[in-house]
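*Asks:* Okay, so here is start_4.cif, and as you'll see once you scroll down, it has mmCIF, C-alpha atoms.
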```cif
data_coords
loop_
_atom_site.group_PDB
_atom_site.id
_atom_site.type_symbol
_atom_site.label_atom_id
_atom_site.label_comp_id
_atom_site.auth_asym_id
_atom_site.auth_seq_id
_atom_site.Cartn_x
_atom_site.Cartn_y
_atom_site.Cartn_z
ATOM 1 C CA MET A 30 -27.566 3.012 -5.980
ATOM 2 C CA MET A 31 -25.926 4.616 -9.017
ATOM 3 C CA PRO A 32 -26.938 8.174 -10.078
ATOM 4 C CA ALA A 33 -27.602 9.006 -13.713
ATOM 5 C CA ASP A 34 -24.131 10.488 -14.140
ATOM 6 C CA GLY A 35 -22.532 7.123 -13.288
ATOM 7 C CA ILE A 36 -20.836 8.372 -10.106
ATOM 8 C CA PRO A 37 -21.614 6.268 -7.006
ATOM 9 C CA ALA A 38 -23.658 8.030 -4.328
ATOM 10 C CA GLN A 39 -21.738 9.175 -1.246
ATOM 11 C CA ARG A 40 -22.272 6.579 1.503
ATOM 12 C CA PRO A 41 -19.759 7.350 4.262
ATOM 13 C CA VAL A 42 -20.528 4.359 6.522
ATOM 14 C CA LEU A 43 -20.199 1.923 3.624
ATOM 15 C CA ALA A 44 -17.039 3.701 2.454
ATOM 16 C CA ILE A 45 -15.410 3.346 5.877
ATOM 17 C CA ALA A 46 -16.413 -0.330 6.018
ATOM 18 C CA LEU A 47 -14.917 -0.912 2.563
ATOM 19 C CA MET A 48 -11.683 0.815 3.584
ATOM 20 C CA ALA A 49 -11.458 -1.258 6.758
ATOM 21 C CA GLY A 50 -11.970 -4.341 4.602
ATOM 22 C CA ALA A 51 -9.092 -3.207 2.408
ATOM 23 C CA GLY A 52 -6.962 -2.824 5.530
ATOM 24 C CA ALA A 53 -7.833 -6.343 6.675
ATOM 25 C CA LEU A 54 -6.805 -7.760 3.287
ATOM 26 C CA VAL A 55 -3.559 -5.760 3.160
ATOM 27 C CA ALA A 56 -2.687 -7.250 6.545
ATOM 28 C CA VAL A 57 -3.508 -10.701 5.135
ATOM 29 C CA THR A 58 -0.992 -10.167 2.320
ATOM 30 C CA SER A 59 1.701 -9.251 4.858
ATOM 31 C CA LEU A 60 0.835 -12.305 6.942
ATOM 32 C CA ILE A 61 1.081 -14.608 3.912
ATOM 33 C CA ALA A 62 4.377 -13.007 2.888
ATOM 34 C CA LYS A 63 5.750 -13.563 6.394
ATOM 35 C CA ALA A 64 4.586 -17.191 6.370
ATOM 36 C CA LEU A 65 6.283 -17.835 3.033
ATOM 37 C CA GLY A 66 9.419 -15.992 4.131
ATOM 38 C CA VAL A 67 9.873 -18.029 7.310
ATOM 39 C CA GLY A 68 9.272 -21.349 5.584
ATOM 40 C CA VAL A 69 5.650 -22.268 6.228
ATOM 41 C CA GLY A 70 4.723 -25.086 3.855
ATOM 42 C CA GLY A 71 8.281 -25.706 2.641
ATOM 43 C CA GLU A 72 11.683 -24.036 2.324
ATOM 44 C CA PRO A 73 11.657 -20.255 2.992
ATOM 45 C CA LEU A 74 10.963 -18.293 -0.186
ATOM 46 C CA HIS A 75 13.056 -15.300 -1.224
ATOM 47 C CA PRO A 76 11.187 -11.938 -1.110
ATOM 48 C CA LEU A 77 11.681 -11.666 -4.880
ATOM 49 C CA GLN A 78 9.791 -14.935 -5.347
ATOM 50 C CA ILE A 79 7.020 -13.790 -3.028
ATOM 51 C CA SER A 80 6.540 -10.504 -4.895
ATOM 52 C CA ALA A 81 6.554 -12.443 -8.187
ATOM 53 C CA GLY A 82 3.666 -14.515 -6.872
ATOM 54 C CA ARG A 83 1.859 -11.392 -5.683
ATOM 55 C CA PHE A 84 2.070 -9.650 -9.068
ATOM 56 C CA GLY A 85 1.666 -12.766 -11.211
ATOM 57 C CA PHE A 86 -1.527 -14.015 -9.592
ATOM 58 C CA ALA A 87 -2.887 -10.478 -9.208
ATOM 59 C CA PHE A 88 -2.426 -9.989 -12.947
ATOM 60 C CA LEU A 89 -4.320 -13.214 -13.642
ATOM 61 C CA ALA A 90 -7.197 -11.971 -11.482
ATOM 62 C CA ILE A 91 -7.430 -8.463 -12.955
ATOM 63 C CA SER A 92 -6.951 -9.656 -16.551
ATOM 64 C CA THR A 93 -9.903 -12.040 -16.108
ATOM 65 C CA PHE A 94 -12.037 -9.086 -15.017
ATOM 66 C CA ALA A 95 -10.660 -6.964 -17.874
ATOM 67 C CA LEU A 96 -12.046 -9.472 -20.391
ATOM 68 C CA PHE A 97 -15.490 -8.174 -19.423
ATOM 69 C CA ALA A 98 -14.603 -4.519 -18.709
ATOM 70 C CA ARG A 99 -12.490 -4.265 -21.907
ATOM 71 C CA PRO A 100 -10.487 -1.144 -20.966
ATOM 72 C CA GLY A 101 -8.884 0.641 -23.914
ATOM 73 C CA PHE A 102 -5.190 1.492 -24.014
ATOM 74 C CA GLN A 103 -5.265 4.509 -26.314
ATOM 75 C CA GLY A 104 -3.610 7.512 -24.667
ATOM 76 C CA ALA A 105 -2.095 5.495 -21.813
ATOM 77 C CA LEU A 106 0.876 7.200 -20.152
ATOM 78 C CA TRP A 107 3.247 4.267 -20.551
ATOM 79 C CA GLY A 108 6.277 6.004 -19.045
ATOM 80 C CA SER A 109 4.375 6.871 -15.866
ATOM 81 C CA HIS A 110 2.915 3.375 -15.714
ATOM 82 C CA LEU A 111 6.394 1.866 -15.947
ATOM 83 C CA ALA A 112 7.761 4.163 -13.225
ATOM 84 C CA ARG A 113 4.781 3.365 -10.986
ATOM 85 C CA SER A 114 5.144 -0.385 -11.563
ATOM 86 C CA ALA A 115 8.893 -0.375 -10.862
ATOM 87 C CA SER A 116 8.588 1.664 -7.660
ATOM 88 C CA GLY A 117 5.568 -0.374 -6.551
ATOM 89 C CA TRP A 118 7.366 -3.664 -7.140
ATOM 90 C CA LEU A 119 10.424 -2.528 -5.190
ATOM 91 C CA GLY A 120 8.233 -1.197 -2.390
ATOM 92 C CA VAL A 121 6.226 -4.425 -2.127
ATOM 93 C CA THR A 122 9.405 -6.532 -2.185
ATOM 94 C CA CYS A 123 10.918 -4.478 0.632
ATOM 95 C CA MET A 124 7.683 -4.724 2.604
ATOM 96 C CA PHE A 125 7.589 -8.507 2.226
ATOM 97 C CA ALA A 126 11.260 -8.752 3.215
ATOM 98 C CA ALA A 127 10.637 -6.677 6.359
ATOM 99 C CA ALA A 128 7.467 -8.623 7.243
ATOM 100 C CA SER A 129 9.384 -11.885 7.482
ATOM 101 C CA ARG A 130 12.047 -10.373 9.767
ATOM 102 C CA MET A 131 10.094 -8.288 12.319
ATOM 103 C CA PRO A 132 6.632 -8.034 13.920
ATOM 104 C CA LEU A 133 3.973 -7.319 11.281
ATOM 105 C CA ALA A 134 2.502 -4.374 13.176
ATOM 106 C CA ASP A 135 5.918 -2.677 13.382
ATOM 107 C CA ALA A 136 6.671 -3.184 9.697
ATOM 108 C CA THR A 137 3.199 -1.973 8.720
ATOM 109 C CA ALA A 138 3.456 1.153 10.877
ATOM 110 C CA ILE A 139 6.792 2.138 9.327
ATOM 111 C CA THR A 140 5.508 1.682 5.772
ATOM 112 C CA PHE A 141 2.649 4.042 6.640
ATOM 113 C CA LEU A 142 5.251 6.822 6.545
ATOM 114 C CA ASN A 143 4.864 6.964 2.752
ATOM 115 C CA PRO A 144 2.669 10.140 2.905
ATOM 116 C CA LEU A 145 5.724 11.961 4.286
ATOM 117 C CA VAL A 146 7.605 11.014 1.116
ATOM 118 C CA THR A 147 4.689 12.298 -0.948
ATOM 119 C CA MET A 148 4.775 15.560 0.992
ATOM 120 C CA GLY A 149 8.520 15.907 0.523
ATOM 121 C CA LEU A 150 8.233 15.367 -3.219
ATOM 122 C CA ALA A 151 5.437 17.944 -3.368
ATOM 123 C CA ILE A 152 7.771 20.460 -1.723
ATOM 124 C CA LEU A 153 10.706 19.678 -4.032
ATOM 125 C CA LEU A 154 8.868 19.213 -7.331
ATOM 126 C CA LEU A 155 5.750 21.343 -6.974
ATOM 127 C CA GLY A 156 7.006 24.104 -4.692
ATOM 128 C CA GLU A 157 4.204 23.389 -2.215
ATOM 129 C CA ASN A 158 4.316 25.420 1.003
ATOM 130 C CA ILE A 159 4.158 23.436 4.237
ATOM 131 C CA GLY A 160 2.931 25.239 7.351
ATOM 132 C CA PRO A 161 4.237 24.715 10.897
ATOM 133 C CA ARG A 162 1.307 22.489 11.910
ATOM 134 C CA ARG A 163 1.931 20.088 9.034
ATOM 135 C CA LEU A 164 5.631 20.063 9.838
ATOM 136 C CA ALA A 165 4.779 19.239 13.454
ATOM 137 C CA ALA A 166 2.507 16.387 12.323
ATOM 138 C CA ALA A 167 5.255 15.029 10.084
ATOM 139 C CA GLY A 168 7.733 15.313 12.959
ATOM 140 C CA LEU A 169 5.420 13.344 15.253
ATOM 141 C CA ALA A 170 5.196 10.523 12.694
ATOM 142 C CA LEU A 171 8.965 10.472 12.233
ATOM 143 C CA ILE A 172 9.559 10.322 15.991
ATOM 144 C CA GLY A 173 7.145 7.382 16.114
ATOM 145 C CA ALA A 174 9.148 5.651 13.409
ATOM 146 C CA MET A 175 12.356 6.167 15.385
ATOM 147 C CA VAL A 176 10.660 4.635 18.423
ATOM 148 C CA LEU A 177 9.839 1.577 16.324
ATOM 149 C CA ILE A 178 13.309 1.337 14.760
ATOM 150 C CA ARG A 179 15.031 1.983 18.128
ATOM 151 C CA PRO A 180 18.438 3.045 16.790
ATOM 152 C CA GLY A 181 21.372 2.830 19.176
ATOM 153 C CA THR A 182 19.703 0.326 21.499
ATOM 154 C CA ASP A 183 19.905 -3.429 21.964
ATOM 155 C CA ALA A 184 16.349 -3.616 20.557
ATOM 156 C CA PHE A 185 17.394 -2.043 17.225
ATOM 157 C CA GLN A 186 15.620 -3.751 14.309
ATOM 158 C CA PRO A 187 17.754 -3.740 11.132
ATOM 159 C CA ALA A 188 14.742 -4.993 9.160
ATOM 160 C CA ALA A 189 13.018 -1.724 10.050
ATOM 161 C CA LEU A 190 15.359 0.016 7.605
ATOM 162 C CA ILE A 191 13.958 -2.242 4.862
ATOM 163 C CA ALA A 192 10.433 -1.215 5.908
ATOM 164 C CA LEU A 193 11.566 2.408 5.778
ATOM 165 C CA ALA A 194 12.808 1.862 2.212
ATOM 166 C CA ALA A 195 9.375 0.407 1.405
ATOM 167 C CA ALA A 196 7.748 3.579 2.733
ATOM 168 C CA VAL A 197 9.947 5.741 0.505
ATOM 169 C CA LEU A 198 9.194 3.664 -2.593
ATOM 170 C CA MET A 199 5.471 3.553 -1.845
ATOM 171 C CA GLY A 200 5.494 7.319 -1.434
ATOM 172 C CA VAL A 201 7.040 7.685 -4.888
ATOM 173 C CA GLU A 202 4.410 5.289 -6.250
ATOM 174 C CA ALA A 203 1.610 7.351 -4.657
ATOM 175 C CA VAL A 204 2.823 10.498 -6.421
ATOM 176 C CA ILE A 205 2.827 8.708 -9.775
ATOM 177 C CA ILE A 206 -0.649 7.234 -9.153
ATOM 178 C CA LYS A 207 -1.906 10.752 -8.431
ATOM 179 C CA ARG A 208 -0.483 11.902 -11.745
ATOM 180 C CA LEU A 209 -2.166 9.031 -13.573
ATOM 181 C CA THR A 210 -5.574 9.650 -11.991
ATOM 182 C CA ASN A 211 -5.317 13.402 -12.618
ATOM 183 C CA ALA A 212 -4.623 12.597 -16.272
ATOM 184 C CA GLY A 213 -7.897 10.662 -16.480
ATOM 185 C CA GLU A 214 -6.512 7.122 -16.513
ATOM 186 C CA PRO A 215 -9.384 4.660 -15.717
ATOM 187 C CA PRO A 216 -8.874 2.620 -12.500
ATOM 188 C CA VAL A 217 -9.210 -0.744 -14.285
ATOM 189 C CA ARG A 218 -6.546 0.228 -16.817
ATOM 190 C CA ILE A 219 -4.230 1.427 -14.047
ATOM 191 C CA LEU A 220 -4.602 -1.882 -12.189
ATOM 192 C CA LEU A 221 -4.242 -3.972 -15.343
ATOM 193 C CA ILE A 222 -1.121 -2.220 -16.635
ATOM 194 C CA ASN A 223 0.452 -1.981 -13.177
ATOM 195 C CA ASN A 224 0.023 -5.660 -12.382
ATOM 196 C CA GLY A 225 1.044 -6.708 -15.907
ATOM 197 C CA MET A 226 4.246 -4.676 -15.837
ATOM 198 C CA GLY A 227 4.846 -5.627 -12.203
ATOM 199 C CA ALA A 228 4.501 -9.312 -13.068
ATOM 200 C CA ILE A 229 7.071 -9.043 -15.880
ATOM 201 C CA ILE A 230 9.553 -7.186 -13.669
ATOM 202 C CA ALA A 231 8.961 -9.404 -10.615
ATOM 203 C CA ILE A 232 9.149 -12.736 -12.442
ATOM 204 C CA THR A 233 12.310 -11.665 -14.262
ATOM 205 C CA ALA A 234 13.982 -10.671 -10.984
ATOM 206 C CA ALA A 235 12.764 -13.832 -9.206
ATOM 207 C CA SER A 236 14.257 -16.060 -11.906
ATOM 208 C CA PHE A 237 17.729 -15.378 -10.456
ATOM 209 C CA VAL A 238 16.804 -16.769 -7.008
ATOM 210 C CA TRP A 239 14.065 -19.213 -7.981
ATOM 211 C CA HIS A 240 13.548 -22.584 -6.376
ATOM 212 C CA PRO A 241 10.338 -24.593 -6.819
ATOM 213 C CA PRO A 242 7.684 -23.795 -4.188
ATOM 214 C CA SER A 243 5.724 -26.639 -2.636
ATOM 215 C CA ALA A 244 2.060 -27.208 -3.522
ATOM 216 C CA GLU A 245 1.011 -25.452 -0.295
ATOM 217 C CA GLN A 246 3.263 -22.484 -1.078
ATOM 218 C CA TRP A 247 1.758 -22.193 -4.571
ATOM 219 C CA ARG A 248 -1.670 -21.968 -2.932
ATOM 220 C CA LEU A 249 -0.419 -19.291 -0.555
ATOM 221 C CA LEU A 250 1.112 -17.311 -3.437
ATOM 222 C CA ALA A 251 -2.226 -17.474 -5.294
ATOM 223 C CA CYS A 252 -4.066 -16.287 -2.180
ATOM 224 C CA LEU A 253 -1.533 -13.455 -1.839
ATOM 225 C CA GLY A 254 -2.168 -12.174 -5.375
ATOM 226 C CA PHE A 255 -5.952 -12.438 -5.167
ATOM 227 C CA ALA A 256 -6.051 -10.807 -1.719
ATOM 228 C CA MET A 257 -4.036 -7.844 -2.999
ATOM 229 C CA ILE A 258 -6.354 -7.318 -5.988
ATOM 230 C CA CYS A 259 -9.389 -7.476 -3.707
ATOM 231 C CA ALA A 260 -7.743 -4.962 -1.344
ATOM 232 C CA GLN A 261 -7.020 -2.574 -4.223
ATOM 233 C CA SER A 262 -10.596 -2.894 -5.487
ATOM 234 C CA LEU A 263 -12.093 -2.220 -2.048
ATOM 235 C CA PHE A 264 -9.774 0.793 -1.670
ATOM 236 C CA ILE A 265 -10.961 2.279 -4.983
ATOM 237 C CA GLN A 266 -14.633 1.663 -4.167
ATOM 238 C CA ALA A 267 -14.214 3.244 -0.723
ATOM 239 C CA MET A 268 -12.629 6.364 -2.216
ATOM 240 C CA LYS A 269 -15.523 6.638 -4.691
ATOM 241 C CA ARG A 270 -18.153 6.527 -1.954
ATOM 242 C CA GLY A 271 -16.687 8.834 0.676
ATOM 243 C CA GLN A 272 -14.519 11.896 1.184
ATOM 244 C CA ALA A 273 -10.830 11.085 1.479
ATOM 245 C CA SER A 274 -10.475 12.853 4.848
ATOM 246 C CA HIS A 275 -13.265 10.707 6.335
ATOM 247 C CA VAL A 276 -12.347 7.416 4.697
ATOM 248 C CA MET A 277 -8.545 7.258 4.715
ATOM 249 C CA PRO A 278 -8.098 6.937 8.516
ATOM 250 C CA ALA A 279 -9.887 3.564 8.294
ATOM 251 C CA ILE A 280 -6.939 2.131 6.343
ATOM 252 C CA TYR A 281 -4.919 2.304 9.559
ATOM 253 C CA SER A 282 -7.039 -0.577 10.828
ATOM 254 C CA THR A 283 -4.383 -2.547 8.921
ATOM 255 C CA LEU A 284 -2.188 -2.138 12.005
ATOM 256 C CA VAL A 285 -4.778 -3.751 14.265
ATOM 257 C CA PHE A 286 -5.391 -6.612 11.859
ATOM 258 C CA ALA A 287 -1.643 -7.155 11.376
ATOM 259 C CA ALA A 288 -1.088 -7.365 15.135
ATOM 260 C CA LEU A 289 -4.025 -9.768 15.563
ATOM 261 C CA TYR A 290 -2.913 -12.014 12.694
ATOM 262 C CA ASP A 291 0.698 -12.040 13.877
ATOM 263 C CA PHE A 292 -0.366 -13.011 17.392
ATOM 264 C CA GLY A 293 -2.893 -15.597 16.209
ATOM 265 C CA VAL A 294 -0.522 -17.353 13.789
ATOM 266 C CA PHE A 295 2.983 -16.725 15.150
ATOM 267 C CA GLY A 296 2.300 -15.765 18.776
ATOM 268 C CA VAL A 297 4.000 -12.364 18.328
ATOM 269 C CA LEU A 298 2.578 -9.649 20.582
ATOM 270 C CA PRO A 299 3.752 -5.994 20.226
ATOM 271 C CA ASP A 300 5.340 -4.541 23.353
ATOM 272 C CA LEU A 301 4.321 -1.190 24.854
ATOM 273 C CA VAL A 302 7.138 0.677 23.106
ATOM 274 C CA ALA A 303 6.037 -0.668 19.725
ATOM 275 C CA ILE A 304 2.411 0.269 20.431
ATOM 276 C CA LEU A 305 3.502 3.793 21.420
ATOM 277 C CA GLY A 306 5.599 4.194 18.271
ATOM 278 C CA ALA A 307 2.843 2.906 16.007
ATOM 279 C CA ALA A 308 0.308 5.227 17.667
ATOM 280 C CA MET A 309 2.600 8.223 17.070
ATOM 281 C CA VAL A 310 3.060 7.299 13.404
ATOM 282 C CA VAL A 311 -0.684 6.919 12.833
ATOM 283 C CA ALA A 312 -1.534 10.097 14.769
ATOM 284 C CA GLY A 313 1.009 12.123 12.799
ATOM 285 C CA ILE A 314 -0.110 10.797 9.406
ATOM 286 C CA VAL A 315 -3.844 11.197 10.158
ATOM 287 C CA LEU A 316 -3.251 14.755 11.404
ATOM 288 C CA LEU A 317 -1.221 15.480 8.280
ATOM 289 C CA ALA A 318 -4.074 14.214 6.080
ATOM 290 C CA ILE A 319 -6.641 16.332 7.946
ATOM 291 C CA LEU A 320 -4.523 19.480 7.675
ATOM 292 C CA ARG A 321 -3.901 18.854 3.986
ATOM 293 C CA GLU A 322 -7.631 18.376 3.344
ATOM 294 C CA ARG A 323 -8.445 21.591 5.183
ATOM 295 C CA ALA A 324 -5.808 23.483 3.224
ATOM 296 C CA ALA A 325 -7.224 22.147 -0.043
ATOM 297 C CA ALA A 326 -10.762 23.128 1.013
ATOM 298 C CA SER A 327 -9.563 26.628 1.933
ATOM 299 C CA ASN A 328 -7.889 27.042 -1.448
ATOM 300 C CA VAL A 329 -11.063 25.990 -3.242
ATOM 301 C CA ALA A 330 -13.176 28.348 -1.150
ATOM 302 C CA GLY A 331 -10.754 31.183 -1.793
ATOM 303 C CA SER A 332 -10.843 30.590 -5.525
ATOM 304 C CA GLU A 333 -14.654 30.912 -5.497
ATOM 305 C CA LEU A 334 -14.617 34.389 -3.939
ATOM 306 C CA PRO A 335 -15.599 37.242 -6.273
#
```
What does the file become when written as structure tokens?
*Replies:*
Amino acid sequence: MMPADGIPAQRPVLAIALMAGAGALVAVTSLIAKALGVGVGGEPLHPLQISAGRFGFAFLAISTFALFARPGFQGALWGSHLARSASGWLGVTCMFAAASRMPLADATAITFLNPLVTMGLAILLLGENIGPRRLAAAGLALIGAMVLIRPGTDAFQPAALIALAAAVLMGVEAVIIKRLTNAGEPPVRILLINNGMGAIIAITAASFVWHPPSAEQWRLLACLGFAMICAQSLFIQAMKRGQASHVMPAIYSTLVFAALYDFGVFGVLPDLVAILGAAMVVAGIVLLAILRERAAASNVAGSELP
């Protein structure tokens, strides 16, 4: 039901279900990227080729929708869009590269560290004060990441450093997206410009390592792009229909889906150490989000005092 002001009514159960659906689709994109990277359906594809397929087919999907929505481009913040697209493309490419070289659940958990990057940038660029509880939450997530990476042991995963780079780049992208939404950029325009610019950047980069995919790999690349657009759309709809502090934890269902997909397709089962590390990352990030939401609510309440 849509109120007269055009803002969707708050429906928390539906919002959580939509966010969990987004998580399931994000895990699907990682699974497809891993399949293409290890050579399912043909010769292994380079991560640059996989990200080109992701952005290219996603742009086809969103541009088809844009023919009906007809978003305007007047006043678009092109510099911010370009920075977001470049950081997003690099982040996705790193994520796809890590997914093909390590268990999906591990790679996914490490990329979930991107809120820590957002927090760090808020401290450096905005002068935001971080209390001891938020620092403790961030520390818990970082310790979890170290458990997953396992430096200095025989189980050290070099690909985890690629996933860590993805987290950094996705954190930068999140800051830019926040700036775009605060400036009033419509969601459809953000998706259209991002995927258009991302497709140009990704296809250009992939041209240096390109080799023809098989027919099955083309189908997988198309599924990858469409799944990502659907995930982004579900994410936006979930955020419209529920409070961020209630809805965002559902995105961590991505970890469960990633582990299930990886086991079902490739027979990879996370060990107890990986489960412990992933749990610490998720606990730290969820706690950080809750504390941030409470701090924001306190600031709003304080500003309303006479």
*Asks:* Could you tell me which residues the PyMOL selection byres ((chain A and resi 67) around 12) returns for this structure, as number ranges by chain?
*Replies:* A: 60-66, 68-76, 79, 125-131, 246, 295
*Asks:* For C-alpha atoms, I'd like the residues from the last selection saved as a compact mmCIF listing (two decimals), in the coordinates of the input.
*Replies:*
```
# COMPACT_ATOMS: atom_id res chain seq x y z
CA LEU A 60 0.84 -12.30 6.94
CA ILE A 61 1.08 -14.61 3.91
CA ALA A 62 4.38 -13.01 2.89
CA LYS A 63 5.75 -13.56 6.39
CA ALA A 64 4.59 -17.19 6.37
CA LEU A 65 6.28 -17.84 3.03
CA GLY A 66 9.42 -15.99 4.13
CA GLY A 68 9.27 -21.35 5.58
CA VAL A 69 5.65 -22.27 6.23
CA GLY A 70 4.72 -25.09 3.86
CA GLY A 71 8.28 -25.71 2.64
CA GLU A 72 11.68 -24.04 2.32
CA PRO A 73 11.66 -20.26 2.99
CA LEU A 74 10.96 -18.29 -0.19
CA HIS A 75 13.06 -15.30 -1.22
CA PRO A 76 11.19 -11.94 -1.11
CA ILE A 79 7.02 -13.79 -3.03
CA PHE A 125 7.59 -8.51 2.23
CA ALA A 126 11.26 -8.75 3.22
CA ALA A 127 10.64 -6.68 6.36
CA ALA A 128 7.47 -8.62 7.24
CA SER A 129 9.38 -11.88 7.48
CA ARG A 130 12.05 -10.37 9.77
CA MET A 131 10.09 -8.29 12.32
CA GLN A 246 3.26 -22.48 -1.08
CA PHE A 295 2.98 -16.73 15.15
```
*Asks:* What is the atom CA of A:Leu145-atom CA of A:Ala192 distance in Å, reported with one decimal?
*Replies:*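 For atom CA of A:Leu145 relative to atom CA of A:Ala192, the distance reads 14.1 Å.
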*Asks:* Starting from the displayed file, determine the output of the PyMOL selection byres ((chain A and resi 88) around 12) and express the residue list as an NGL selection string.
*Replies:* :A and (81-87 or 89-95 or 217-229 or 231-232 or 251 or 253-259)
*Asks:* Which one is closest to A:Met148: A:Ala189, A:Leu305, A:Val297, A:Ala318? Count all atoms listed in the file.
*Replies:*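 Distance minimum relative to A:Met148 lands on A:Ala318.
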*Asks:* I want to know what sits within 12 Å of A:Arg208, based on all atoms listed in the file, with residues of the same chain fewer than 3 positions away left out; could you give that as a PyMOL selection string?
*Replies:* chain A and resi 106+108-110+112-113+147+151+201-205+211-214+219
*Asks:* Could you write out that same residue set with C-alpha atoms as a PDB file, in the frame of the given file?
*Replies:*
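Done, and the output landed in selection-v4.pdb:
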```
ATOM      1  CA  LEU A 106       0.876   7.200 -20.152  1.00  0.00           C
ATOM      2  CA  GLY A 108       6.277   6.004 -19.045  1.00  0.00           C
ATOM      3  CA  SER A 109       4.375   6.871 -15.866  1.00  0.00           C
ATOM      4  CA  HIS A 110       2.915   3.375 -15.714  1.00  0.00           C
ATOM      5  CA  ALA A 112       7.761   4.163 -13.225  1.00  0.00           C
ATOM      6  CA  ARG A 113       4.781   3.365 -10.986  1.00  0.00           C
ATOM      7  CA  THR A 147       4.689  12.298  -0.948  1.00  0.00           C
ATOM      8  CA  ALA A 151       5.437  17.944  -3.368  1.00  0.00           C
ATOM      9  CA  VAL A 201       7.040   7.685  -4.888  1.00  0.00           C
ATOM     10  CA  GLU A 202       4.410   5.289  -6.250  1.00  0.00           C
ATOM     11  CA  ALA A 203       1.610   7.351  -4.657  1.00  0.00           C
ATOM     12  CA  VAL A 204       2.823  10.498  -6.421  1.00  0.00           C
ATOM     13  CA  ILE A 205       2.827   8.708  -9.775  1.00  0.00           C
ATOM     14  CA  ASN A 211      -5.317  13.402 -12.618  1.00  0.00           C
ATOM     15  CA  ALA A 212      -4.623  12.597 -16.272  1.00  0.00           C
ATOM     16  CA  GLY A 213      -7.897  10.662 -16.480  1.00  0.00           C
ATOM     17  CA  GLU A 214      -6.512   7.122 -16.513  1.00  0.00           C
ATOM     18  CA  ILE A 219      -4.230   1.427 -14.047  1.00  0.00           C
TER      19      ILE A 219
END
```
